[in-house]
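*Asks:* Structure file model_23.txt (compact mmCIF, C-alpha atoms) right here:
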```txt
# COMPACT_ATOMS: atom_id res chain seq x y z
CA MET A 559 74.06 109.84 86.45
CA LYS A 560 73.33 112.26 89.29
CA SER A 561 76.18 114.70 89.92
CA ASP A 562 77.74 115.00 93.37
CA THR A 563 76.86 118.47 94.69
CA ARG A 564 78.60 117.96 98.03
CA LEU A 565 81.61 120.10 98.96
CA GLN A 566 84.74 118.15 97.98
CA VAL A 567 87.26 118.50 100.83
CA ILE A 568 90.91 117.82 101.54
CA PHE A 569 91.37 118.12 105.31
CA ASP A 570 94.82 119.23 106.46
CA THR A 571 95.11 118.52 110.17
CA ASP A 572 97.27 117.77 113.23
CA PRO A 573 94.98 115.55 115.36
CA GLY A 574 94.56 116.84 118.17
CA ILE A 575 91.37 116.64 120.24
CA ASP A 576 89.51 119.46 118.49
CA ASP A 577 90.80 118.11 115.16
CA ALA A 578 89.15 114.79 116.04
CA MET A 579 85.87 116.60 116.63
CA ALA A 580 86.21 118.49 113.34
CA LEU A 581 86.95 115.26 111.47
CA PHE A 582 83.82 113.67 112.89
CA LEU A 583 81.72 116.55 111.55
CA LEU A 584 83.41 116.22 108.15
CA ALA A 585 82.83 112.49 108.12
CA ARG A 586 79.15 112.69 108.98
CA HIS A 587 77.64 115.81 107.46
CA PRO A 588 75.72 115.12 104.23
CA ALA A 589 76.92 118.37 102.62
CA ILE A 590 80.56 117.20 102.76
CA HIS A 591 82.43 114.66 100.65
CA LEU A 592 85.73 114.11 102.45
CA ARG A 593 88.28 113.07 99.83
CA ALA A 594 91.58 113.07 101.69
CA ILE A 595 93.30 113.80 104.99
CA THR A 596 96.80 115.24 105.08
CA THR A 597 98.68 115.40 108.36
CA VAL A 598 101.10 117.92 109.79
CA PHE A 599 103.07 118.49 113.00
CA GLY A 600 101.60 120.79 115.63
CA ASN A 601 99.52 119.34 118.43
CA ALA A 602 102.05 116.48 118.46
CA SER A 603 104.78 115.16 116.17
CA VAL A 604 103.72 114.29 112.63
CA ALA A 605 104.24 110.61 113.45
CA VAL A 606 101.68 110.88 116.25
CA THR A 607 99.22 113.07 114.32
CA THR A 608 99.40 110.70 111.34
CA ARG A 609 98.74 107.67 113.51
CA ASN A 610 95.83 109.54 115.10
CA ALA A 611 94.37 110.38 111.69
CA GLN A 612 94.61 106.72 110.67
CA ALA A 613 92.97 105.60 113.91
CA LEU A 614 90.17 108.17 113.69
CA CYS A 615 89.36 107.06 110.15
CA GLY A 616 88.75 103.59 111.55
CA LEU A 617 86.72 104.83 114.51
CA TYR A 618 84.55 107.00 112.25
CA GLY A 619 84.11 104.31 109.60
CA LEU A 620 85.89 106.12 106.75
CA PRO A 621 86.81 103.51 104.10
CA PRO A 622 90.34 103.60 102.58
CA GLU A 623 88.95 103.40 99.06
CA GLN A 624 87.08 106.67 99.60
CA VAL A 625 89.42 108.70 101.85
CA SER A 626 93.18 108.88 101.31
CA VAL A 627 95.52 109.69 104.20
CA ALA A 628 98.97 111.13 103.55
CA ALA A 629 101.66 112.15 106.02
CA GLY A 630 102.97 115.67 105.70
CA ALA A 631 105.42 118.17 107.11
CA ALA A 632 107.34 117.24 110.25
CA GLY A 633 108.31 120.86 110.91
CA PRO A 634 107.99 124.43 109.63
CA VAL A 635 109.12 125.51 106.17
CA GLN A 636 111.93 127.59 107.68
CA MET A 637 114.69 125.40 109.03
CA GLY A 638 115.52 125.99 112.67
CA ALA A 639 112.16 127.57 113.52
CA GLU A 640 110.73 124.52 115.29
CA ARG A 641 108.73 124.94 118.49
CA GLU A 642 107.63 122.43 121.10
CA HIS A 643 104.53 120.40 120.23
CA SER A 644 101.29 121.22 122.07
CA THR A 645 101.17 118.00 124.07
CA HIS A 646 100.48 119.99 127.25
CA VAL A 647 97.13 120.88 125.65
CA HIS A 648 96.25 117.61 123.90
CA GLY A 649 98.19 115.00 125.87
CA GLU A 650 101.27 113.03 124.93
CA ASP A 651 99.26 110.92 122.48
CA GLY A 652 97.50 113.98 121.02
CA LEU A 653 94.07 112.64 121.97
CA GLY A 654 93.85 113.21 125.70
CA GLY A 655 95.12 109.74 126.56
CA GLU A 656 92.45 108.05 124.42
CA ALA A 657 94.42 107.37 121.22
CA GLN A 658 94.82 103.66 121.90
CA LYS A 659 91.06 103.24 122.18
CA ALA A 660 90.66 104.79 118.72
CA ILE A 661 93.39 102.49 117.38
CA ASP A 662 91.74 99.44 118.94
CA ALA A 663 88.38 100.28 117.30
CA ARG A 664 89.51 98.54 114.09
CA ALA A 665 91.68 95.51 113.36
CA ALA A 666 94.11 97.55 111.23
CA LEU A 667 95.03 101.19 110.87
CA HIS A 668 93.81 103.08 107.81
CA PRO A 669 96.55 102.69 105.15
CA LEU A 670 98.81 105.57 104.19
CA ASP A 671 99.11 106.98 100.68
CA PRO A 672 102.79 106.76 99.67
CA ARG A 673 102.89 110.37 98.49
CA PRO A 674 103.89 113.22 100.82
CA ALA A 675 100.98 115.46 101.72
CA TYR A 676 101.99 118.35 99.47
CA GLN A 677 102.20 116.02 96.47
CA LEU A 678 98.79 114.50 97.16
CA ILE A 679 97.30 118.00 97.41
CA CYS A 680 98.83 119.05 94.09
CA ASP A 681 97.83 115.83 92.33
CA MET A 682 94.22 115.96 93.50
CA VAL A 683 93.78 119.66 92.75
CA ASN A 684 95.24 119.26 89.26
CA ALA A 685 93.00 116.27 88.62
CA GLN A 686 89.86 118.23 89.52
CA PRO A 687 90.50 121.94 88.93
CA GLY A 688 87.94 124.21 90.54
CA GLN A 689 86.38 121.41 92.57
CA LEU A 690 88.36 120.96 95.79
CA THR A 691 88.21 122.93 99.03
CA LEU A 692 91.22 122.81 101.33
CA ILE A 693 90.36 123.01 105.03
CA ALA A 694 93.50 123.46 107.13
CA VAL A 695 93.31 123.39 110.93
CA GLY A 696 96.98 123.01 111.84
CA PRO A 697 100.17 124.81 110.83
CA MET A 698 100.00 125.82 107.15
CA SER A 699 103.21 123.98 106.20
CA ASN A 700 101.69 121.45 103.78
CA LEU A 701 99.77 124.13 101.89
CA ALA A 702 102.88 126.31 101.58
CA LEU A 703 104.92 123.35 100.34
CA ALA A 704 102.22 122.52 97.79
CA LEU A 705 102.31 126.13 96.50
CA ARG A 706 106.09 126.01 96.24
CA HIS A 707 105.93 122.69 94.39
CA ASP A 708 103.23 123.83 91.95
CA PRO A 709 102.16 127.49 92.16
CA SER A 710 99.50 126.86 89.52
CA ILE A 711 97.25 125.11 92.05
CA ALA A 712 96.26 128.51 93.52
CA ALA A 713 94.10 129.12 90.45
CA LYS A 714 92.57 125.63 90.63
CA VAL A 715 91.41 125.41 94.26
CA HIS A 716 87.76 126.20 94.91
CA GLN A 717 88.44 127.69 98.35
CA VAL A 718 90.83 127.55 101.30
CA ILE A 719 89.39 127.60 104.83
CA VAL A 720 91.90 128.05 107.64
CA MET A 721 91.48 127.70 111.37
CA GLY A 722 94.05 130.00 112.89
CA GLY A 723 95.05 133.51 113.72
CA ALA A 724 93.50 136.22 115.87
CA PHE A 725 92.57 139.75 114.88
CA GLY A 726 91.52 141.30 118.20
CA THR A 727 87.76 141.24 117.71
CA GLN A 728 86.01 141.45 121.11
CA GLY A 729 89.48 141.61 122.64
CA ARG A 730 90.39 138.12 121.44
CA SER A 731 94.08 137.93 120.56
CA GLY A 732 96.78 135.28 120.79
CA ASN A 733 96.63 132.05 122.79
CA VAL A 734 100.37 131.28 122.71
CA THR A 735 101.77 134.80 122.92
CA PRO A 736 99.78 138.00 123.53
CA VAL A 737 99.26 138.29 119.76
CA ALA A 738 99.95 134.89 118.18
CA GLU A 739 97.61 131.91 117.83
CA ALA A 740 99.11 128.40 117.93
CA ASN A 741 98.78 127.38 114.28
CA MET A 742 100.27 130.68 113.13
CA ILE A 743 103.26 130.76 115.46
CA ASN A 744 104.10 127.12 114.66
CA ASP A 745 104.87 128.16 111.06
CA PRO A 746 104.44 131.90 110.41
CA GLU A 747 106.36 131.76 107.13
CA ALA A 748 104.00 129.13 105.75
CA ALA A 749 100.92 131.07 106.84
CA ASP A 750 102.20 134.24 105.17
CA ILE A 751 102.75 132.30 101.95
CA VAL A 752 99.22 130.85 102.09
CA PHE A 753 97.51 134.17 102.80
CA GLY A 754 99.52 135.89 100.09
CA ALA A 755 98.62 133.41 97.35
CA GLU A 756 96.03 134.21 94.69
CA TRP A 757 93.37 131.83 95.96
CA PRO A 758 90.30 132.67 98.07
CA VAL A 759 91.02 132.20 101.78
CA VAL A 760 88.60 132.41 104.70
CA ILE A 761 90.28 132.63 108.11
CA VAL A 762 88.31 131.23 111.04
CA GLY A 763 90.35 132.49 113.97
CA LEU A 764 90.07 132.94 117.72
CA ASP A 765 87.82 135.95 117.11
CA VAL A 766 84.99 133.46 116.47
CA THR A 767 86.20 130.11 117.78
CA GLN A 768 86.49 131.42 121.34
CA ALA A 769 82.87 132.53 121.07
CA VAL A 770 81.77 128.93 120.46
CA VAL A 771 82.12 127.08 123.77
CA MET A 772 81.14 123.45 124.22
CA ASP A 773 80.45 123.50 127.95
CA GLU A 774 80.76 120.47 130.18
CA ASP A 775 77.05 119.67 130.06
CA TYR A 776 77.10 119.76 126.26
CA LEU A 777 80.13 117.47 126.14
CA ALA A 778 78.64 115.10 128.70
CA SER A 779 75.52 114.81 126.54
CA LEU A 780 77.63 113.19 123.80
CA GLN A 781 78.13 110.06 125.90
CA GLY A 782 76.42 107.00 124.52
CA ARG A 783 75.82 108.63 121.13
CA GLY A 784 77.25 107.53 117.80
CA GLY A 785 78.20 104.12 119.10
CA ALA A 786 81.64 104.36 120.72
CA ILE A 787 82.32 107.82 119.28
CA GLY A 788 80.46 109.93 121.83
CA ASP A 789 82.14 108.15 124.73
CA PHE A 790 85.53 108.52 123.05
CA LEU A 791 85.13 112.28 122.55
CA TRP A 792 83.81 112.80 126.07
CA LYS A 793 86.83 111.05 127.56
CA ALA A 794 89.32 112.73 125.21
CA THR A 795 87.97 116.18 126.04
CA ARG A 796 88.58 115.70 129.79
CA HIS A 797 92.26 116.56 129.32
CA TYR A 798 91.39 119.42 126.96
CA GLN A 799 88.81 120.88 129.34
CA ASP A 800 91.23 120.73 132.24
CA PHE A 801 93.70 122.77 130.21
CA TYR A 802 91.18 125.48 129.31
CA HIS A 803 89.93 125.65 132.87
CA SER A 804 93.50 126.19 134.05
CA VAL A 805 94.30 128.99 131.59
CA ASP A 806 90.95 130.72 130.95
CA GLY A 807 88.71 129.52 133.76
CA ILE A 808 86.02 128.21 131.42
CA ARG A 809 83.94 125.12 132.20
CA GLY A 810 84.22 123.55 128.79
CA ILE A 811 86.29 123.82 125.60
CA TYR A 812 86.53 126.22 122.69
CA SER A 813 85.25 124.83 119.41
CA HIS A 814 88.28 125.79 117.34
CA ASP A 815 88.59 123.32 114.46
CA ALA A 816 84.93 122.32 114.29
CA SER A 817 84.11 126.00 113.66
CA ALA A 818 86.14 125.88 110.44
CA ILE A 819 84.04 122.91 109.31
CA ALA A 820 80.89 124.76 110.33
CA TYR A 821 81.93 127.65 108.08
CA ALA A 822 82.28 125.25 105.15
CA ILE A 823 78.77 123.92 105.78
CA GLU A 824 76.92 127.08 106.84
CA PRO A 825 78.95 130.18 105.90
CA GLU A 826 75.89 132.34 106.57
CA ALA A 827 76.41 131.66 110.31
CA PHE A 828 79.55 133.84 110.18
CA GLU A 829 80.25 137.54 109.65
CA LEU A 830 83.18 138.27 107.35
CA ARG A 831 85.57 141.19 106.85
CA ALA A 832 87.61 141.59 103.68
CA GLY A 833 91.19 142.77 103.34
CA PRO A 834 94.71 141.47 102.69
CA VAL A 835 96.32 139.51 105.52
CA ARG A 836 99.97 139.22 106.48
CA VAL A 837 101.73 137.34 109.29
CA ALA A 838 104.48 138.93 111.37
CA LEU A 839 107.72 136.98 110.98
CA GLU A 840 110.06 138.63 113.46
CA GLY A 841 110.38 139.81 117.04
CA ILE A 842 107.83 139.68 119.82
CA ALA A 843 104.97 139.92 117.29
CA ARG A 844 106.07 136.77 115.41
CA GLY A 845 102.99 134.81 114.41
CA GLN A 846 100.59 137.75 114.68
CA THR A 847 97.95 137.88 111.93
CA ILE A 848 97.31 141.40 110.62
CA GLN A 849 94.57 142.47 108.23
CA LYS A 850 94.87 145.72 106.31
CA LEU A 851 91.56 147.58 106.14
CA ARG A 852 92.63 150.86 104.50
CA LYS A 853 92.96 151.15 100.74
CA PRO A 854 96.50 150.88 99.29
CA GLY A 855 98.56 154.05 99.29
CA PRO A 856 100.33 155.49 96.24
CA THR A 857 103.72 153.95 97.07
CA ALA A 858 104.73 150.30 97.22
CA ASP A 859 105.01 148.70 100.65
CA ALA A 860 104.90 145.29 102.34
CA TRP A 861 101.23 144.95 101.36
CA THR A 862 101.70 145.61 97.64
CA GLY A 863 100.32 142.74 95.59
CA CYS A 864 98.66 141.03 98.55
CA PRO A 865 95.22 139.68 97.61
CA SER A 866 92.16 140.48 99.68
CA GLN A 867 91.11 137.59 101.92
CA GLN A 868 88.18 137.06 104.27
CA VAL A 869 88.42 137.03 108.08
CA CYS A 870 85.61 135.80 110.32
CA ILE A 871 84.74 138.44 112.94
CA GLY A 872 81.33 137.23 114.11
CA VAL A 873 79.53 133.92 114.57
CA ASP A 874 76.15 132.48 115.52
CA ALA A 875 77.55 130.11 118.13
CA ALA A 876 74.28 128.25 118.60
CA ARG A 877 74.24 127.27 114.93
CA VAL A 878 77.77 125.86 115.13
CA LEU A 879 76.92 123.79 118.19
CA ALA A 880 73.73 122.56 116.55
CA LEU A 881 75.67 121.38 113.48
CA PHE A 882 77.98 119.28 115.61
CA ASP A 883 75.06 117.89 117.57
CA GLN A 884 73.28 116.93 114.34
CA ALA A 885 76.32 114.94 113.21
CA PHE A 886 75.62 112.48 116.02
CA ASP A 887 72.05 112.10 114.89
CA ALA A 888 73.35 111.24 111.41
CA ALA A 889 75.70 108.66 112.93
CA ALA A 890 73.08 107.01 115.09
```
Would you write out, as structure tokens, the structure that this file holds?
*Replies:*
Amino acid sequence: MKSDTRLQVIFDTDPGIDDAMALFLLARHPAIHLRAITTVFGNASVAVTTRNAQALCGLYGLPPEQVSVAAGAAGPVQMGAEREHSTHVHGEDGLGGEAQKAIDARAALHPLDPRPAYQLICDMVNAQPGQLTLIAVGPMSNLALALRHDPSIAAKVHQVIVMGGAFGTQGRSGNVTPVAEANMINDPEAADIVFGAEWPVVIVGLDVTQAVVMDEDYLASLQGRGGAIGDFLWKATRHYQDFYHSVDGIRGIYSHDASAIAYAIEPEAFELRAGPVRVALEGIARGQTIQKLRKPGPTADAWTGCPSQQVCIGVDAARVLALFDQAFDAAA
């Protein structure tokens, strides 16, 4: 029997307009075998993001027997650290006012796995050690809870790819505060746990995602493609584009979450920088991602024992956009 050489993926997400675009790329690219979706709070409440994940599975034709969906964390791992959901960016329904159309695409919503997200992650990783890649594009809460539940999974995960953070490359820093990106500030404690674990992490942050812009003409070209999917994404991105025009003056949207998927498919399209990463947990810098580039000193400090991780600092934007475009050709 022919072995499956595709990348085996658990997608941890808070859909979310750009999450919906990332999920479409995961669902359609031949190099990816999407095994499960775990949901988390962030762009909306976990009830809304879970419903959106279920609806998108139906819209994208992902069968329940092949892709599990499990609801995850409703808030950050530290009690009392909750922030407002990003509905001003993604709309009250998380999908730019188009969620009901995704729900109506199928007679029934994709069923939910009874396990909480962290348990599903642990169970699947333990069942296939060394095989699964975790791609997380929301707050890192589910991954941190999975590590707390079973620290041994760190040695059994093939790779962790995270969309989040900002390291100041080309002057790109925070999008919620001057230094903090949204996924990080929504649960800094969880992110610090994830980056400090002994598993290989690649961080696809604003340094590269803000270099990949889907302009209005590109988004308009999706209409009529992939059946109802292109029209759905065009309409959903109207709210998203309006937000980015209001805050950054761009005529389009940043390709945040889809860039993390692009890294999984074509890592050679990205430039990496190695070094341990921590997340600031207090004060006005809360949520800031910091990478240490100098070698450890002779005395112990806050960086002692932190593993080296990889941060994306450069990207071939045209290759990322081409990958997403090709997904529609595969869906045609």
*Asks:* Any idea what the distance is between CA of Val604 in chain A and CA of Ala816 in chain A?
*Replies:*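 Taking CA of Val604 in chain A and CA of Ala816 in chain A, their separation equals 20.5 Å.
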*Asks:* Could you name the residues that touch Gln717 in chain A at 7 Å or less, counting only C-alpha atoms, but leaving out those on the same chain fewer than 6 positions away, as a ChimeraX atom specification?
*Replies:* /A:691-692,757-759
*Asks:* CA of Glu623 in chain A to CA of Gln658 in chain A: how many Å, to one decimal?
*Replies:*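 We find that CA of Glu623 in chain A and CA of Gln658 in chain A lie 23.6 Å from each other.
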*Asks:* What's the separation between CA of Phe569 in chain A and CA of Asn610 in chain A, in Å to one decimal place?
*Replies:*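 CA of Asn610 in chain A lies 13.8 Å from CA of Phe569 in chain A.
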*Asks:* Which one is closest to His591 in chain A: A:Ala822, A:Ala666, A:Val720, A:Ile848? Count only C-alpha atoms.
*Replies:* A:Ala822
*Asks:* Just want the 9 Å neighbourhood of Leu705 in chain A, counted on only C-alpha atoms, with same-chain residues fewer than 4 positions away dropped. Output as a PyMOL selection string.
*Replies:* chain A and resi 676+680+700-701+709-712+751-752+755
*Asks:* Output as AutoDock Vina command-line options the centre and edge lengths (Å, one decimal) of the box along x, y and z of the file that holds every listed atom of range 743-751 of chain A after adding 3 Å on each side.
*Replies:*
```
--center_x 103.6 --center_y 130.7 --center_z 108.7 --size_x 11.4 --size_y 13.1 --size_z 19.5
```
